[in-house]
Amino acid sequence: MKCIIVFDYVIHQEEIINMAEDAILSDIVKNGSDFVGIINSEGEFIYINDAGRRMIGLKGDLNGFSIRELHPKNHLRTILKESSKNQGQFNWTGNTEIKTVDGNFKSVSQVISSHKISGRAMYATVIRDITFMKKVEEKNTSDQY
């Protein structure tokens, strides 16, 4: 009888740890300072966290908002070219630009990775605004010459 209780306790403890990990990860995604988004295979966002919405000025529903609207064409071409190289498995990191809803551009550092969820291709992205850092770099470069 003791063995069953111990075994039950271990399984229960693992379930609690898994639930805690899920809650922590969910909290990080929802409340983090970086843009976190999930994109379906058609290129439409199905999720953007609050920080991402603030970064691009998006209010309300996603209503078909897509990666095509987020990235200028030259940066989108680079991302799509990279994604087509590794059919199915895709992890890309780079500096790009994004376009806000009001038409302004921001320099960003971005990570995109592919995932299969219920047999469907999905993409996750994390985007950090580096506009200020880029302006400081440009100023320092121009001050040197």
# chains A, B, ... in the order shown; residues from 1 in each chain; ligands from 1

$ residues_around --residues "region 120-123 of chain A" --least-positions-apart "2" --cutoff "9 Å" --atoms "only C-alpha atoms" --output "number ranges by chain"
A: 37-41, 43, 88, 90, 112-118, 125

$ select_by_dssp --residues "chain A" --states "alpha helix (DSSP H)" --output "ChimeraX atom specification"
/A:2-31,50-56,67-70,73-85,131-144

$ write_last_selection --atoms "C-alpha atoms" --output "mmCIF file, in the first residue's frame"
data_model
loop_
_atom_site.group_PDB
_atom_site.id
_atom_site.type_symbol
_atom_site.label_atom_id
_atom_site.label_comp_id
_atom_site.auth_asym_id
_atom_site.auth_seq_id
_atom_site.Cartn_x
_atom_site.Cartn_y
_atom_site.Cartn_z
ATOM 1 C CA LYS A 2 2.840 2.426 0.735
ATOM 2 C CA CYS A 3 4.319 1.825 -2.700
ATOM 3 C CA ILE A 4 1.073 2.813 -4.412
ATOM 4 C CA ILE A 5 0.803 5.999 -2.358
ATOM 5 C CA VAL A 6 4.384 6.970 -3.130
ATOM 6 C CA PHE A 7 3.859 6.243 -6.824
ATOM 7 C CA ASP A 8 0.626 8.243 -6.795
ATOM 8 C CA TYR A 9 2.404 11.103 -5.044
ATOM 9 C CA VAL A 10 5.198 11.192 -7.640
ATOM 10 C CA ILE A 11 2.744 11.279 -10.556
ATOM 11 C CA HIS A 12 0.677 13.955 -8.830
ATOM 12 C CA GLN A 13 3.805 16.010 -8.129
ATOM 13 C CA GLU A 14 4.872 15.792 -11.799
ATOM 14 C CA GLU A 15 1.405 16.956 -12.903
ATOM 15 C CA ILE A 16 1.635 19.928 -10.534
ATOM 16 C CA ILE A 17 5.098 20.819 -11.831
ATOM 17 C CA ASN A 18 3.872 20.585 -15.460
ATOM 18 C CA MET A 19 0.873 22.825 -14.694
ATOM 19 C CA ALA A 20 3.147 25.330 -12.935
ATOM 20 C CA GLU A 21 5.542 25.378 -15.900
ATOM 21 C CA ASP A 22 2.630 25.962 -18.295
ATOM 22 C CA ALA A 23 1.302 28.798 -16.120
ATOM 23 C CA ILE A 24 4.744 30.431 -15.887
ATOM 24 C CA LEU A 25 5.332 30.200 -19.648
ATOM 25 C CA SER A 26 1.861 31.566 -20.340
ATOM 26 C CA ASP A 27 2.509 34.463 -17.963
ATOM 27 C CA ILE A 28 5.835 35.260 -19.661
ATOM 28 C CA VAL A 29 4.208 35.279 -23.112
ATOM 29 C CA LYS A 30 1.216 37.361 -22.028
ATOM 30 C CA ASN A 31 3.099 39.871 -19.870
ATOM 31 C CA ASP A 50 -0.344 42.840 -25.492
ATOM 32 C CA ALA A 51 3.265 44.041 -25.897
ATOM 33 C CA GLY A 52 3.138 43.159 -29.596
ATOM 34 C CA ARG A 53 -0.136 44.977 -30.067
ATOM 35 C CA ARG A 54 1.315 48.075 -28.386
ATOM 36 C CA MET A 55 4.504 47.840 -30.468
ATOM 37 C CA ILE A 56 2.602 48.008 -33.751
ATOM 38 C CA ILE A 67 2.839 38.891 -41.750
ATOM 39 C CA ARG A 68 2.542 40.656 -45.140
ATOM 40 C CA GLU A 69 1.152 43.728 -43.382
ATOM 41 C CA LEU A 70 3.783 43.581 -40.646
ATOM 42 C CA LYS A 73 8.271 43.648 -48.906
ATOM 43 C CA ASN A 74 12.089 43.441 -48.993
ATOM 44 C CA HIS A 75 12.234 42.009 -45.450
ATOM 45 C CA LEU A 76 9.303 39.687 -46.102
ATOM 46 C CA ARG A 77 11.098 38.282 -49.166
ATOM 47 C CA THR A 78 14.144 37.475 -47.013
ATOM 48 C CA ILE A 79 12.028 35.694 -44.401
ATOM 49 C CA LEU A 80 10.044 33.703 -46.995
ATOM 50 C CA LYS A 81 13.236 32.744 -48.842
ATOM 51 C CA GLU A 82 14.789 31.437 -45.630
ATOM 52 C CA SER A 83 11.620 29.559 -44.655
ATOM 53 C CA SER A 84 11.460 27.754 -48.012
ATOM 54 C CA LYS A 85 15.007 26.367 -47.617
ATOM 55 C CA THR A 131 15.020 51.138 -33.087
ATOM 56 C CA PHE A 132 16.627 53.215 -30.324
ATOM 57 C CA MET A 133 19.766 51.053 -30.320
ATOM 58 C CA LYS A 134 20.067 51.387 -34.126
ATOM 59 C CA LYS A 135 19.750 55.193 -33.912
ATOM 60 C CA VAL A 136 22.486 55.325 -31.252
ATOM 61 C CA GLU A 137 24.736 53.123 -33.440
ATOM 62 C CA GLU A 138 24.116 55.349 -36.459
ATOM 63 C CA LYS A 139 24.871 58.474 -34.435
ATOM 64 C CA ASN A 140 28.089 56.983 -33.060
ATOM 65 C CA THR A 141 29.153 55.894 -36.546
ATOM 66 C CA SER A 142 28.462 59.332 -38.031
ATOM 67 C CA ASP A 143 30.277 61.053 -35.112
ATOM 68 C CA GLN A 144 33.401 58.963 -35.831
#

$ closest_residue --among "A:Val126, A:Val108, A:Leu62, A:Val101" --to "Tyr47 (chain A)" --atoms "only C-alpha atoms"
A:Leu62

$ closest_residue --among "A:Leu58, A:Ile46, A:Ile98, A:Val36" --to "Val111 (chain A)" --atoms "only C-alpha atoms"
A:Val36

$ select_by_dssp --residues "chain A" --states "strand (DSSP E or B)" --output "ChimeraX atom specification"
/A:35-40,44-48,66,91-99,105-117,120-129

$ write_last_selection --atoms "N, CA and C atoms" --output "short mmCIF file (atom, residue, chain, number, x, y, z; two decimals), in the first residue's frame"
data_model
loop_
_atom_site.label_atom_id
_atom_site.label_comp_id
_atom_site.auth_asym_id
_atom_site.auth_seq_id
_atom_site.Cartn_x
_atom_site.Cartn_y
_atom_site.Cartn_z
N PHE A 35 7.24 41.48 -28.42
CA PHE A 35 6.14 41.03 -29.28
C PHE A 35 6.23 39.51 -29.36
N VAL A 36 5.16 38.81 -29.06
CA VAL A 36 5.08 37.36 -29.24
C VAL A 36 3.84 37.08 -30.06
N GLY A 37 4.02 36.37 -31.17
CA GLY A 37 2.89 36.08 -32.03
C GLY A 37 2.91 34.67 -32.56
N ILE A 38 1.73 34.19 -32.95
CA ILE A 38 1.59 32.88 -33.58
C ILE A 38 0.89 33.12 -34.91
N ILE A 39 1.45 32.52 -35.97
CA ILE A 39 0.99 32.74 -37.34
C ILE A 39 0.56 31.40 -37.93
N ASN A 40 -0.59 31.37 -38.60
CA ASN A 40 -1.03 30.13 -39.23
C ASN A 40 -0.32 29.94 -40.58
N GLU A 44 -1.47 34.45 -41.51
CA GLU A 44 -2.28 35.32 -40.66
C GLU A 44 -1.96 35.08 -39.19
N PHE A 45 -1.91 36.17 -38.45
CA PHE A 45 -1.69 36.05 -37.01
C PHE A 45 -2.95 35.52 -36.34
N ILE A 46 -2.78 34.51 -35.51
CA ILE A 46 -3.90 34.01 -34.71
C ILE A 46 -3.74 34.43 -33.25
N TYR A 47 -2.54 34.95 -32.92
CA TYR A 47 -2.31 35.47 -31.56
C TYR A 47 -1.20 36.51 -31.62
N ILE A 48 -1.42 37.62 -30.92
CA ILE A 48 -0.37 38.61 -30.66
C ILE A 48 -0.57 39.06 -29.22
N SER A 66 -1.87 40.03 -41.15
CA SER A 66 -0.92 39.02 -41.59
C SER A 66 0.52 39.53 -41.54
N ASN A 91 13.83 27.63 -38.47
CA ASN A 91 14.23 28.50 -37.38
C ASN A 91 15.08 29.60 -37.98
N TRP A 92 14.66 30.83 -37.78
CA TRP A 92 15.36 31.95 -38.37
C TRP A 92 15.50 33.05 -37.34
N THR A 93 16.67 33.65 -37.30
CA THR A 93 16.93 34.79 -36.42
C THR A 93 17.60 35.87 -37.26
N GLY A 94 17.13 37.09 -37.11
CA GLY A 94 17.76 38.17 -37.86
C GLY A 94 17.20 39.52 -37.49
N ASN A 95 17.83 40.55 -38.03
CA ASN A 95 17.35 41.91 -37.84
C ASN A 95 16.54 42.30 -39.07
N THR A 96 15.35 42.82 -38.84
CA THR A 96 14.47 43.22 -39.92
C THR A 96 13.81 44.54 -39.53
N GLU A 97 12.80 44.90 -40.29
CA GLU A 97 11.95 46.03 -39.95
C GLU A 97 10.52 45.56 -39.93
N ILE A 98 9.72 46.21 -39.08
CA ILE A 98 8.29 45.99 -39.10
C ILE A 98 7.61 47.32 -39.33
N LYS A 99 6.39 47.23 -39.82
CA LYS A 99 5.60 48.43 -40.10
C LYS A 99 4.46 48.48 -39.09
N PHE A 105 8.00 52.78 -39.41
CA PHE A 105 8.84 51.59 -39.42
C PHE A 105 9.68 51.53 -38.15
N LYS A 106 9.90 50.29 -37.68
CA LYS A 106 10.74 50.06 -36.51
C LYS A 106 11.77 49.00 -36.85
N SER A 107 13.01 49.24 -36.41
CA SER A 107 14.05 48.22 -36.54
C SER A 107 13.84 47.20 -35.43
N VAL A 108 13.92 45.92 -35.79
CA VAL A 108 13.67 44.87 -34.80
C VAL A 108 14.65 43.73 -34.95
N SER A 109 14.81 43.01 -33.87
CA SER A 109 15.48 41.73 -33.86
C SER A 109 14.37 40.70 -33.76
N GLN A 110 14.40 39.68 -34.62
CA GLN A 110 13.27 38.75 -34.69
C GLN A 110 13.72 37.31 -34.75
N VAL A 111 12.95 36.45 -34.12
CA VAL A 111 13.13 35.01 -34.19
C VAL A 111 11.81 34.43 -34.71
N ILE A 112 11.90 33.55 -35.69
CA ILE A 112 10.71 32.85 -36.19
C ILE A 112 11.04 31.36 -36.20
N SER A 113 10.09 30.55 -35.72
CA SER A 113 10.29 29.10 -35.75
C SER A 113 9.00 28.43 -36.20
N SER A 114 9.15 27.29 -36.89
CA SER A 114 7.99 26.55 -37.37
C SER A 114 7.64 25.45 -36.37
N HIS A 115 6.35 25.12 -36.35
CA HIS A 115 5.84 24.08 -35.45
C HIS A 115 4.69 23.37 -36.13
N LYS A 116 4.47 22.13 -35.76
CA LYS A 116 3.30 21.38 -36.21
C LYS A 116 2.37 21.25 -35.01
N ILE A 117 1.16 21.77 -35.15
CA ILE A 117 0.17 21.67 -34.08
C ILE A 117 -1.06 21.01 -34.68
N ARG A 120 -1.05 20.75 -38.37
CA ARG A 120 -1.05 21.98 -39.17
C ARG A 120 0.23 22.76 -38.91
N ALA A 121 0.76 23.36 -39.96
CA ALA A 121 1.96 24.18 -39.83
C ALA A 121 1.59 25.50 -39.15
N MET A 122 2.36 25.86 -38.14
CA MET A 122 2.21 27.13 -37.44
C MET A 122 3.60 27.72 -37.26
N TYR A 123 3.64 29.02 -37.07
CA TYR A 123 4.91 29.71 -36.86
C TYR A 123 4.79 30.57 -35.62
N ALA A 124 5.84 30.58 -34.83
CA ALA A 124 5.89 31.44 -33.65
C ALA A 124 6.98 32.48 -33.89
N THR A 125 6.72 33.69 -33.43
CA THR A 125 7.72 34.74 -33.58
C THR A 125 7.83 35.55 -32.30
N VAL A 126 9.06 35.95 -32.03
CA VAL A 126 9.35 36.88 -30.93
C VAL A 126 10.11 38.04 -31.55
N ILE A 127 9.65 39.26 -31.26
CA ILE A 127 10.22 40.45 -31.88
C ILE A 127 10.59 41.45 -30.80
N ARG A 128 11.81 41.96 -30.87
CA ARG A 128 12.27 43.00 -29.94
C ARG A 128 12.56 44.27 -30.72
N ASP A 129 12.02 45.37 -30.25
CA ASP A 129 12.23 46.68 -30.88
C ASP A 129 13.66 47.14 -30.56
#

$ atom_distance --atom1 "CA of Asp61 (chain A)" --atom2 "CA of Thr100 (chain A)"
15.5 Å

$ closest_residue --among "A:Asp34, A:His71, A:Asn63, A:Gly103" --to "Ile130 (chain A)" --atoms "only C-alpha atoms"
A:Asp34
